[in-house]
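Chemist: Handing over model.pdb, PDB, C-alpha atoms.
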ATOM      1  CA  MET P   1     -38.370  89.765  11.542
ATOM      2  CA  LYS P   2     -36.208  89.217  14.618
ATOM      3  CA  LEU P   3     -33.443  86.903  15.762
ATOM      4  CA  VAL P   4     -33.763  86.029  19.436
ATOM      5  CA  ILE P   5     -30.515  84.870  21.023
ATOM      6  CA  ALA P   6     -31.121  83.349  24.457
ATOM      7  CA  ILE P   7     -28.402  82.044  26.757
ATOM      8  CA  VAL P   8     -29.849  79.597  29.295
ATOM      9  CA  ASN P   9     -28.346  77.210  31.825
ATOM     10  CA  ASN P  10     -27.883  73.619  30.608
ATOM     11  CA  ASP P  11     -30.206  72.433  33.386
ATOM     12  CA  ASP P  12     -33.057  74.482  31.885
ATOM     13  CA  SER P  13     -32.347  74.128  28.180
ATOM     14  CA  ALA P  14     -34.296  70.916  27.512
ATOM     15  CA  ILE P  15     -37.575  72.219  28.940
ATOM     16  CA  VAL P  16     -37.156  75.651  27.317
ATOM     17  CA  VAL P  17     -36.540  74.108  23.887
ATOM     18  CA  SER P  18     -39.400  71.647  24.393
ATOM     19  CA  GLU P  19     -41.857  74.429  25.227
ATOM     20  CA  LEU P  20     -40.688  76.619  22.343
ATOM     21  CA  THR P  21     -40.966  73.808  19.782
ATOM     22  CA  HIS P  22     -44.348  72.808  21.243
ATOM     23  CA  GLU P  23     -45.545  76.255  20.181
ATOM     24  CA  ASN P  24     -44.033  75.768  16.695
ATOM     25  CA  PHE P  25     -40.984  77.998  17.094
ATOM     26  CA  ILE P  26     -37.882  76.753  15.287
ATOM     27  CA  VAL P  27     -34.903  76.642  17.652
ATOM     28  CA  THR P  28     -31.212  76.009  17.014
ATOM     29  CA  ARG P  29     -29.176  74.941  20.061
ATOM     30  CA  LEU P  30     -25.495  75.728  20.533
ATOM     31  CA  SER P  31     -23.418  74.391  23.405
ATOM     32  CA  THR P  32     -21.581  77.278  25.119
ATOM     33  CA  THR P  33     -19.633  77.984  28.306
ATOM     34  CA  GLY P  34     -20.098  80.992  30.567
ATOM     35  CA  GLY P  35     -17.148  83.233  31.350
ATOM     36  CA  PHE P  36     -17.515  83.978  35.078
ATOM     37  CA  LEU P  37     -18.368  80.581  36.564
ATOM     38  CA  MET P  38     -17.267  78.508  33.572
ATOM     39  CA  VAL P  39     -20.511  76.539  33.696
ATOM     40  CA  GLY P  40     -22.231  74.940  30.731
ATOM     41  CA  ASN P  41     -24.851  76.981  28.960
ATOM     42  CA  THR P  42     -26.972  76.536  25.908
ATOM     43  CA  THR P  43     -27.336  79.371  23.431
ATOM     44  CA  LEU P  44     -30.617  79.291  21.540
ATOM     45  CA  LEU P  45     -31.097  80.943  18.153
ATOM     46  CA  ILE P  46     -34.748  81.590  17.324
ATOM     47  CA  GLY P  47     -35.976  83.321  14.190
ATOM     48  CA  ALA P  48     -39.374  84.905  14.737
ATOM     49  CA  GLU P  49     -41.847  87.467  13.536
ATOM     50  CA  ASP P  50     -41.917  90.685  15.567
ATOM     51  CA  LYS P  51     -45.316  89.804  17.063
ATOM     52  CA  ASP P  52     -43.983  86.480  18.437
ATOM     53  CA  VAL P  53     -41.061  87.915  20.429
ATOM     54  CA  PRO P  54     -43.078  88.664  23.612
ATOM     55  CA  ARG P  55     -44.345  85.041  23.721
ATOM     56  CA  ILE P  56     -40.825  83.662  23.195
ATOM     57  CA  LYS P  57     -39.506  85.832  26.024
ATOM     58  CA  GLU P  58     -42.381  84.732  28.254
ATOM     59  CA  ILE P  59     -41.608  81.035  27.691
ATOM     60  CA  ILE P  60     -37.891  81.509  28.322
ATOM     61  CA  ARG P  61     -38.563  83.546  31.481
ATOM     62  CA  LYS P  62     -41.029  80.941  32.805
ATOM     63  CA  PHE P  63     -38.745  77.935  32.356
ATOM     64  CA  SER P  64     -35.316  79.413  33.155
ATOM     65  CA  ASP P  65     -34.983  79.103  36.909
ATOM     66  CA  THR P  66     -32.459  81.033  38.973
ATOM     67  CA  ARG P  67     -30.948  79.044  41.842
ATOM     68  CA  LYS P  68     -28.175  79.415  44.392
ATOM     69  CA  CYS P  69     -24.952  77.465  44.014
ATOM     70  CA  VAL P  70     -21.863  77.235  46.224
ATOM     71  CA  LYS P  71     -18.617  77.717  44.323
ATOM     72  CA  PRO P  72     -15.108  77.531  45.771
ATOM     73  CA  THR P  73     -13.049  80.686  45.462
ATOM     74  CA  SER P  74      -9.556  80.749  43.998
ATOM     75  CA  SER P  75      -8.140  80.864  47.535
ATOM     76  CA  THR P  76      -9.253  77.222  48.010
ATOM     77  CA  LEU P  77      -6.996  75.995  45.206
ATOM     78  CA  GLY P  78      -4.330  73.647  46.508
ATOM     79  CA  ARG P  79      -6.112  72.968  49.813
ATOM     80  CA  GLY P  80      -7.504  69.618  48.754
ATOM     81  CA  LEU P  81     -10.760  68.555  50.358
ATOM     82  CA  SER P  82     -10.399  70.474  53.605
ATOM     83  CA  ASN P  83     -13.352  72.447  54.976
ATOM     84  CA  ASN P  84     -11.380  75.592  55.707
ATOM     85  CA  GLY P  85     -11.513  76.966  52.132
ATOM     86  CA  LEU P  86     -13.600  79.979  51.292
ATOM     87  CA  GLU P  87     -16.762  79.394  49.318
ATOM     88  CA  LEU P  88     -18.980  81.839  47.515
ATOM     89  CA  ASN P  89     -22.767  81.639  47.186
ATOM     90  CA  VAL P  90     -23.714  82.676  43.655
ATOM     91  CA  SER P  91     -26.877  82.731  41.582
ATOM     92  CA  VAL P  92     -26.869  80.514  38.508
ATOM     93  CA  GLY P  93     -29.478  79.877  35.878
ATOM     94  CA  GLY P  94     -31.920  82.368  34.557
ATOM     95  CA  ALA P  95     -31.471  83.612  31.016
ATOM     96  CA  ILE P  96     -29.989  86.417  28.990
ATOM     97  CA  ILE P  97     -31.962  87.383  25.903
ATOM     98  CA  PHE P  98     -30.858  89.498  22.941
ATOM     99  CA  VAL P  99     -33.334  90.523  20.245
ATOM    100  CA  LEU P 100     -31.797  91.564  16.933
ATOM    101  CA  GLY P 101     -33.432  92.892  13.799
ATOM    102  CA  VAL P 102     -33.101  90.686  10.708
ATOM    103  CA  ASP P 103     -33.142  92.207   7.229
ATOM    104  CA  GLU P 104     -33.563  88.956   5.384
ATOM    105  CA  MET P 105     -33.970  85.237   6.088
ATOM    106  CA  GLU P 106     -34.038  82.324   3.665
ATOM    107  CA  LYS P 107     -34.730  78.713   4.496
ATOM    108  CA  PHE P 108     -33.616  76.037   2.017
TER     109      PHE P 108
END
Using structure tokens, write down the structure that the file contains.

Modeler:
Amino acid sequence: MKLVIAIVNNDDSAIVVSELTHENFIVTRLSTTGGFLMVGNTTLLIGAEDKDVPRIKEIIRKFSDTRKCVKPTSSTLGRGLSNNGLELNVSVGGAIIFVLGVDEMEKF
């Protein structure tokens, strides 16, 4: 048995969870915040049999889009709404997936 921990962007979480539950996977959602961009994420906890992990990863990969986003740099702080601040194009979205072995699981 495995525990799949997937960190996905909030914008993608609803469709990812919908697709996973549509295929009868049980998903627990946790609201989390990323460290670099401080954007909202959703961490998904999915218990699964070993044989189901490739399908779970496929669903997450399919519905977790990567997109470009413009973020102000720290040098723009204190400049108000002026256009002369530096901005950084960054990729957001996508997913990070961890697969951990589980020795035992009980559901009450």

Chemist: If we count all atoms listed in the file and set the cut-off at 10 Å, which residues sit around Arg29 (chain P), ignoring sequence neighbours fewer than 4 positions away in its own chain? Please answer as a PyMOL selection string.

Modeler: chain P and resi 6-7+13-14+17+42-46

Chemist: Interatomic distance between CA of Val53 (chain P) and CA of Asn9 (chain P)?

Modeler: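 Computed distance, CA of Val53 (chain P) to CA of Asn9 (chain P), equals 20.2 Å.
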
Chemist: Around the point (-34.3, 78.9, 6.6) (coordinates from the file), which residues reach within 12 Å if we count all atoms listed in the file? Answer as an mmCIF file with C-alpha atoms, keeping the file's coordinate frame.

Modeler:
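Result file part-v3.cif:
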data_model
loop_
_atom_site.group_PDB
_atom_site.id
_atom_site.type_symbol
_atom_site.label_atom_id
_atom_site.label_comp_id
_atom_site.auth_asym_id
_atom_site.auth_seq_id
_atom_site.Cartn_x
_atom_site.Cartn_y
_atom_site.Cartn_z
ATOM 1 C CA ILE P 26 -37.882 76.753 15.287
ATOM 2 C CA VAL P 27 -34.903 76.642 17.652
ATOM 3 C CA THR P 28 -31.212 76.009 17.014
ATOM 4 C CA ILE P 46 -34.748 81.590 17.324
ATOM 5 C CA GLY P 47 -35.976 83.321 14.190
ATOM 6 C CA ALA P 48 -39.374 84.905 14.737
ATOM 7 C CA GLU P 104 -33.563 88.956 5.384
ATOM 8 C CA MET P 105 -33.970 85.237 6.088
ATOM 9 C CA GLU P 106 -34.038 82.324 3.665
ATOM 10 C CA LYS P 107 -34.730 78.713 4.496
ATOM 11 C CA PHE P 108 -33.616 76.037 2.017
#

Chemist: On this structure, which residues satisfy the PyMOL selection byres ((chain P and resi 2) around 10), written as a PyMOL selection string?

Modeler: chain P and resi 1+3-5+46-53+98-105

Chemist: Between CA of Ala95 (chain P) and CA of Arg61 (chain P), what is the spacing in Å?

Modeler: 7.1 Å

Chemist: Residues proximal to (-35.9, 77.7, 34.9) were defined as those with any atom within 9 Å of that point in the file's coordinates, counting only C-alpha atoms. Which are they, as a list in words?

Modeler: Val8, Asn9, Asp11, Asp12, Ser13, Ile15, Val16, Ile60, Arg61, Lys62, Phe63, Ser64, Asp65, Thr66, Arg67, Gly93, Gly94 and Ala95 of chain P

Chemist: Could you please determine the separation between CA of Leu20 (chain P) and CA of Ile96 (chain P) in Å, to one decimal place?

Modeler: 16.0 Å

Chemist: Check the smallest atom-to-atom distance from each of P:Ile97, P:Asn10, P:His22, P:Pro54 to Gly34 (chain P) using all atoms listed in the file, then report the winner.

Modeler: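 Of P:Ile97, P:Asn10, P:His22, P:Pro54, the one nearest Gly34 (chain P), counting all atoms listed in the file, is P:Asn10.
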
Chemist: Taking all atoms of region 53-57 of chain P that appear in the file, build a box with edges along x, y and z, extend it by 5 Å on every side, and state its centre and edge lengths in Å to one decimal, as lines of an AutoDock Vina configuration file.

Modeler:
center_x = -41.9
center_y = 86.2
center_z = 23.2
size_x = 14.8
size_y = 15.0
size_z = 15.6
